[in-house]
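Dropping structure-v6.cif in here (mmCIF, C-alpha atoms):
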data_my_file
#
loop_
_atom_site.group_PDB
_atom_site.id
_atom_site.type_symbol
_atom_site.label_atom_id
_atom_site.label_comp_id
_atom_site.auth_asym_id
_atom_site.auth_seq_id
_atom_site.Cartn_x
_atom_site.Cartn_y
_atom_site.Cartn_z
ATOM 1 C CA MET A 1 0.000 0.000 0.000
ATOM 2 C CA LYS A 2 3.097 2.204 0.296
ATOM 3 C CA PRO A 3 1.780 5.338 2.062
ATOM 4 C CA GLN A 4 5.014 7.242 1.420
ATOM 5 C CA VAL A 5 4.758 6.761 -2.347
ATOM 6 C CA PHE A 6 1.063 7.661 -2.182
ATOM 7 C CA GLY A 7 2.077 10.967 -0.585
ATOM 8 C CA GLN A 8 4.432 11.617 -3.507
ATOM 9 C CA ILE A 9 1.682 10.817 -6.033
ATOM 10 C CA LYS A 10 -0.694 13.199 -4.293
ATOM 11 C CA LYS A 11 1.927 15.962 -4.140
ATOM 12 C CA GLU A 12 2.842 15.686 -7.848
ATOM 13 C CA TYR A 13 -0.785 15.795 -8.965
ATOM 14 C CA ASP A 14 -1.473 18.791 -6.706
ATOM 15 C CA VAL A 15 1.383 20.604 -8.490
ATOM 16 C CA PHE A 16 -0.063 19.596 -11.878
ATOM 17 C CA TYR A 17 -3.538 20.917 -11.016
ATOM 18 C CA LYS A 18 -2.155 24.162 -9.572
ATOM 19 C CA ASP A 19 -0.142 24.677 -12.781
ATOM 20 C CA LEU A 20 -3.272 24.162 -14.866
ATOM 21 C CA LEU A 21 -5.144 26.729 -12.775
ATOM 22 C CA ARG A 22 -2.242 29.195 -12.980
ATOM 23 C CA ASN A 23 -2.451 28.901 -16.760
ATOM 24 C CA GLY A 24 -6.191 29.566 -16.781
ATOM 25 C CA LYS A 25 -7.257 25.937 -17.291
ATOM 26 C CA LEU A 26 -9.484 23.861 -15.063
ATOM 27 C CA PRO A 27 -8.454 20.279 -14.195
ATOM 28 C CA LEU A 28 -11.249 18.923 -16.414
ATOM 29 C CA TRP A 29 -11.952 18.982 -20.143
ATOM 30 C CA SER A 30 -13.499 17.248 -23.124
ATOM 31 C CA THR A 31 -11.364 14.460 -24.557
ATOM 32 C CA GLY A 32 -13.110 14.433 -27.922
ATOM 33 C CA LYS A 33 -15.011 11.261 -27.105
ATOM 34 C CA GLY A 34 -15.784 11.832 -23.446
ATOM 35 C CA PHE A 35 -15.053 14.097 -20.533
ATOM 36 C CA TRP A 36 -12.170 13.994 -18.050
ATOM 37 C CA GLY A 37 -12.389 15.239 -14.490
ATOM 38 C CA GLY A 38 -9.752 14.474 -11.900
ATOM 39 C CA VAL A 39 -10.481 12.147 -9.001
ATOM 40 C CA ILE A 40 -9.674 12.887 -5.369
ATOM 41 C CA ALA A 41 -6.534 10.935 -4.474
ATOM 42 C CA ASP A 42 -7.339 10.417 -0.792
ATOM 43 C CA GLU A 43 -10.767 9.006 -1.617
ATOM 44 C CA VAL A 44 -9.428 6.558 -4.183
ATOM 45 C CA TYR A 45 -6.632 5.422 -1.849
ATOM 46 C CA GLU A 46 -9.085 4.848 1.030
ATOM 47 C CA ALA A 47 -11.516 2.997 -1.251
ATOM 48 C CA PHE A 48 -8.734 0.735 -2.514
ATOM 49 C CA LYS A 49 -7.802 -0.113 1.065
ATOM 50 C CA ARG A 50 -11.456 -0.793 1.891
ATOM 51 C CA ILE A 51 -11.941 -3.212 -1.026
ATOM 52 C CA ASN A 52 -8.632 -4.978 -0.254
ATOM 53 C CA LEU A 53 -7.177 -4.155 -3.651
ATOM 54 C CA HIS A 54 -3.866 -5.635 -2.473
ATOM 55 C CA LYS A 55 -5.476 -9.089 -2.732
ATOM 56 C CA HIS A 56 -5.853 -8.613 -6.507
ATOM 57 C CA LYS A 57 -3.103 -8.903 -9.115
ATOM 58 C CA THR A 58 -4.443 -6.960 -12.104
ATOM 59 C CA PHE A 59 -6.277 -3.649 -12.415
ATOM 60 C CA ILE A 60 -7.487 -1.607 -15.382
ATOM 61 C CA ASP A 61 -8.892 1.934 -15.477
ATOM 62 C CA LEU A 62 -11.170 2.631 -18.445
ATOM 63 C CA GLY A 63 -10.605 6.229 -19.465
ATOM 64 C CA SER A 64 -7.647 6.699 -17.135
ATOM 65 C CA GLY A 65 -7.253 10.430 -17.714
ATOM 66 C CA ASP A 66 -4.092 11.785 -16.108
ATOM 67 C CA GLY A 67 -3.170 8.363 -14.688
ATOM 68 C CA LYS A 68 -3.655 9.136 -11.013
ATOM 69 C CA VAL A 69 -5.965 6.182 -10.299
ATOM 70 C CA VAL A 70 -3.654 3.745 -12.100
ATOM 71 C CA LEU A 71 -0.585 4.937 -10.201
ATOM 72 C CA ILE A 72 -2.444 4.594 -6.894
ATOM 73 C CA ALA A 73 -3.677 1.122 -7.913
ATOM 74 C CA ALA A 74 -0.087 0.138 -8.760
ATOM 75 C CA LEU A 75 0.729 0.562 -5.053
ATOM 76 C CA PHE A 76 -1.659 -2.335 -4.357
ATOM 77 C CA CYS A 77 -1.532 -4.598 -7.440
ATOM 78 C CA LYS A 78 1.127 -6.423 -9.389
ATOM 79 C CA ARG A 79 0.004 -4.743 -12.642
ATOM 80 C CA ALA A 80 -2.130 -1.636 -13.140
ATOM 81 C CA VAL A 81 -3.198 -0.536 -16.623
ATOM 82 C CA GLY A 82 -4.755 2.689 -17.839
ATOM 83 C CA ILE A 83 -6.349 3.361 -21.206
ATOM 84 C CA GLU A 84 -6.839 6.972 -22.274
ATOM 85 C CA MET A 85 -7.424 8.372 -25.738
ATOM 86 C CA ASP A 86 -6.656 12.041 -24.959
ATOM 87 C CA ASN A 87 -3.035 12.630 -25.996
ATOM 88 C CA GLU A 88 -2.306 15.332 -23.415
ATOM 89 C CA LEU A 89 -3.689 13.258 -20.536
ATOM 90 C CA PHE A 90 -1.843 10.164 -21.756
ATOM 91 C CA ARG A 91 1.451 12.113 -21.876
ATOM 92 C CA LYS A 92 0.835 13.436 -18.355
ATOM 93 C CA ALA A 93 0.219 9.884 -17.063
ATOM 94 C CA MET A 94 3.462 8.683 -18.658
ATOM 95 C CA GLU A 95 5.365 11.681 -17.280
ATOM 96 C CA MET A 96 4.059 11.010 -13.764
ATOM 97 C CA GLN A 97 4.880 7.308 -13.980
ATOM 98 C CA ILE A 98 8.477 8.078 -14.922
ATOM 99 C CA LYS A 99 8.832 10.886 -12.384
ATOM 100 C CA LEU A 100 7.458 8.716 -9.571
ATOM 101 C CA ASN A 101 9.292 5.580 -10.744
ATOM 102 C CA ILE A 102 6.281 3.247 -10.641
ATOM 103 C CA PRO A 103 7.263 0.426 -13.031
ATOM 104 C CA ASN A 104 4.178 -1.796 -12.666
ATOM 105 C CA ALA A 105 1.831 0.774 -14.215
ATOM 106 C CA LEU A 106 1.166 0.603 -17.962
ATOM 107 C CA PHE A 107 -0.595 3.207 -20.069
ATOM 108 C CA TYR A 108 -2.125 2.910 -23.531
ATOM 109 C CA ASN A 109 -3.095 5.890 -25.670
ATOM 110 C CA ASN A 110 -6.242 4.456 -27.194
ATOM 111 C CA ASP A 111 -9.993 4.009 -26.900
ATOM 112 C CA PHE A 112 -10.819 1.551 -24.118
ATOM 113 C CA TYR A 113 -13.533 -0.019 -26.281
ATOM 114 C CA ASP A 114 -10.663 -1.406 -28.394
ATOM 115 C CA HIS A 115 -9.081 -3.215 -25.405
ATOM 116 C CA SER A 116 -10.283 -6.374 -23.746
ATOM 117 C CA ILE A 117 -10.921 -6.247 -20.022
ATOM 118 C CA ARG A 118 -11.085 -10.037 -19.712
ATOM 119 C CA ASP A 119 -8.764 -11.479 -17.120
ATOM 120 C CA PHE A 120 -8.443 -8.238 -15.126
ATOM 121 C CA ASP A 121 -9.266 -8.777 -11.462
ATOM 122 C CA VAL A 122 -10.531 -5.215 -11.019
ATOM 123 C CA VAL A 123 -11.946 -2.770 -13.572
ATOM 124 C CA PHE A 124 -12.313 0.873 -12.525
ATOM 125 C CA THR A 125 -14.608 3.449 -14.065
ATOM 126 C CA TYR A 126 -15.569 7.039 -13.354
ATOM 127 C CA PRO A 127 -18.136 7.206 -16.152
ATOM 128 C CA ASP A 128 -18.903 10.330 -18.121
ATOM 129 C CA THR A 129 -21.947 8.955 -19.966
ATOM 130 C CA PRO A 130 -24.814 6.609 -19.115
ATOM 131 C CA MET A 131 -23.751 2.950 -19.122
ATOM 132 C CA HIS A 132 -26.437 1.967 -21.646
ATOM 133 C CA ARG A 133 -24.537 3.876 -24.351
ATOM 134 C CA GLY A 134 -22.076 1.012 -24.725
ATOM 135 C CA LEU A 135 -19.997 0.523 -21.600
ATOM 136 C CA GLU A 136 -22.470 -1.776 -19.870
ATOM 137 C CA LYS A 137 -22.559 -4.068 -22.910
ATOM 138 C CA LYS A 138 -18.755 -4.269 -22.839
ATOM 139 C CA LEU A 139 -18.828 -5.062 -19.122
ATOM 140 C CA LEU A 140 -21.492 -7.738 -19.571
ATOM 141 C CA ASN A 141 -19.476 -9.363 -22.369
ATOM 142 C CA GLU A 142 -15.973 -9.094 -20.900
ATOM 143 C CA LEU A 143 -15.998 -8.512 -17.132
ATOM 144 C CA THR A 144 -14.508 -11.514 -15.335
ATOM 145 C CA GLY A 145 -13.529 -9.762 -12.101
ATOM 146 C CA LYS A 146 -15.019 -6.870 -10.163
ATOM 147 C CA LEU A 147 -16.075 -3.435 -11.347
ATOM 148 C CA VAL A 148 -15.291 -0.487 -9.055
ATOM 149 C CA HIS A 149 -17.562 2.410 -9.973
ATOM 150 C CA TYR A 150 -16.666 5.894 -8.675
ATOM 151 C CA GLY A 151 -19.440 8.433 -8.276
ATOM 152 C CA HIS A 152 -23.163 8.772 -7.715
ATOM 153 C CA HIS A 153 -23.977 8.849 -11.429
ATOM 154 C CA PHE A 154 -24.370 6.505 -14.430
ATOM 155 C CA HIS A 155 -24.531 3.155 -12.649
ATOM 156 C CA PRO A 156 -24.935 -0.117 -14.561
ATOM 157 C CA GLN A 157 -28.410 -1.622 -14.604
ATOM 158 C CA ASN A 158 -27.556 -5.271 -15.246
ATOM 159 C CA LEU A 159 -24.596 -6.030 -12.995
ATOM 160 C CA LYS A 160 -24.801 -7.415 -9.473
ATOM 161 C CA GLU A 161 -24.070 -4.870 -6.739
ATOM 162 C CA GLU A 162 -21.768 -6.425 -4.148
ATOM 163 C CA ASP A 163 -20.815 -3.467 -1.968
ATOM 164 C CA LYS A 164 -21.230 0.274 -1.784
ATOM 165 C CA PHE A 165 -19.804 2.840 0.582
ATOM 166 C CA LEU A 166 -19.038 6.521 0.888
ATOM 167 C CA VAL A 167 -15.614 8.075 1.222
ATOM 168 C CA ASN A 168 -15.949 11.769 2.133
ATOM 169 C CA GLY A 169 -19.418 11.792 0.601
ATOM 170 C CA ASN A 170 -18.391 10.236 -2.718
ATOM 171 C CA LEU A 171 -19.873 6.869 -3.602
ATOM 172 C CA PHE A 172 -17.863 3.769 -4.508
ATOM 173 C CA THR A 173 -19.822 0.747 -5.700
ATOM 174 C CA VAL A 174 -18.429 -2.718 -6.399
ATOM 175 C CA TYR A 175 -20.190 -4.835 -9.018
ATOM 176 C CA SER A 176 -19.783 -8.276 -10.571
ATOM 177 C CA ARG A 177 -21.513 -10.062 -13.446
#
Can you turn what I pasted into structure tokens?
Amino acid sequence: MKPQVFGQIKKEYDVFYKDLLRNGKLPLWSTGKGFWGGVIADEVYEAFKRINLHKHKTFIDLGSGDGKVVLIAALFCKRAVGIEMDNELFRKAMEMQIKLNIPNALFYNNDFYDHSIRDFDVVFTYPDTPMHRGLEKKLLNELTGKLVHYGHHFHPQNLKEEDKFLVNGNLFTVYSR
């Protein structure tokens, strides 16, 4: 779980977001196919402890944005993968991975619909559109592990809810097929 490395991740992303704000940009934007908004590091870290992510070997974040969730997951899992189609966000994730020296995180600059999620123990999503627009079908066809859903919005309708809990008022829900 490496709390010291988590502190470094949090610090580096705080610098990134402050730089965006200094340059007149918000830490959220359209990616051309969806919408990126940063997650709160402390909430994700606490949720990963709560779901015992360290007991899982593989993790994938669909629409991984700036890579923060993947780098935090890499503190728990043997392999953490992020898929992001926005070039700027992908480059930031790669930059952070190198800067923080987290070798078990992998990033792909692509559309997550083009990647299989079979054989991943944990799939993470912070959805930006309703699940019925395609993501739920992908999950129903390919999910072999657990889905961790972040947020109060756009929940799947046809997956089995296994757990849900709040971290600082934000909802985390764990689903399976």
Open item on the list: On this structure, the PyMOL selection byres ((chain A and resi 156) around 12) would catch which residues? List them as a ChimeraX atom specification, sorted by chain and number.
Closed with: /A:125-127,129-140,147-155,157-161,173-177
Open item on the list: What would the selection look like, as an NGL selection string, if the PyMOL selection byres ((chain A and resi 39) around 12) were run on the coordinates I just shared?
Closed with: :A and (10 or 13-14 or 17 or 27-28 or 36-38 or 40-45 or 64-70 or 72 or 124-127 or 150-151 or 170)
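Picked out by the PyMOL selection byres ((chain A and resi 8) around 12) when it runs on this file: Lys2, Pro3, Gln4, Val5, Phe6, Gly7, Ile9, Lys10, Lys11, Glu12, Tyr13, Asp14, Val15, Ala41, Lys68, Leu71, Ile72, Leu75, Met96, Gln97, Lys99, Leu100, Asn101 and Ile102 of chain A.
What separates atom CA of Val122 of chain A from atom CA of Leu26 of chain A is a distance of 29.4 Å.
Residue nearest Leu62 of chain A, chosen from A:Leu20, A:Val167, A:Ile117, A:Leu106 and counting only C-alpha atoms: A:Ile117.
One finds atom CA of Ile83 of chain A at 5.4 Å from atom CA of Gly63 of chain A.
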TODO: May I ask for the distance between atom CA of Gly145 of chain A and atom CA of Lys92 of chain A, given in Å to one decimal place?
DONE: 28.0 Å
Box time for segment 65-68 of chain A: axis-aligned, enclosing all its listed atoms, 4 Å extra on each side; report centre and edge lengths in Å to one decimal, as AutoDock Vina command-line options.
--center_x -5.2 --center_y 10.1 --center_z -14.4 --size_x 12.1 --size_y 11.4 --size_z 14.7
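Compared by their closest atoms to Lys78 of chain A, and using all atoms listed in the file, the residues A:Arg22, A:Arg91, A:Lys49, A:Lys57 rank with A:Lys57 nearest.
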TODO: Go through A:Ile51, A:Ala93, A:Leu166, A:Val123 one by one, measure the shortest atom-to-atom distance of each to Lys146 of chain A using all atoms listed in the file, and give the residue with the smallest value.
DONE: A:Val123
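Using only C-alpha atoms for every distance, the candidate list A:Phe165, A:Phe120, A:Phe90, A:Phe172 yields A:Phe120 as the residue closest to Phe59 of chain A.
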Task: Option closest in space to Phe16 of chain A, from A:Glu95, A:Asp61, A:Asp111, A:Asp86 [counting all atoms listed in the file] - done: A:Glu95
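Close contacts of Pro103 of chain A, defined as residues with an atom at most 9 Å away when counting only C-alpha atoms, with chain neighbours fewer than 4 positions off set aside, comprise Ala74, Arg79, Gln97 and Ile98 of chain A.
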Task: Which of A:Ala47, A:Met85, A:Ala80, A:Ile60 sits closest to Phe35 of chain A [using all atoms listed in the file] - done: A:Met85
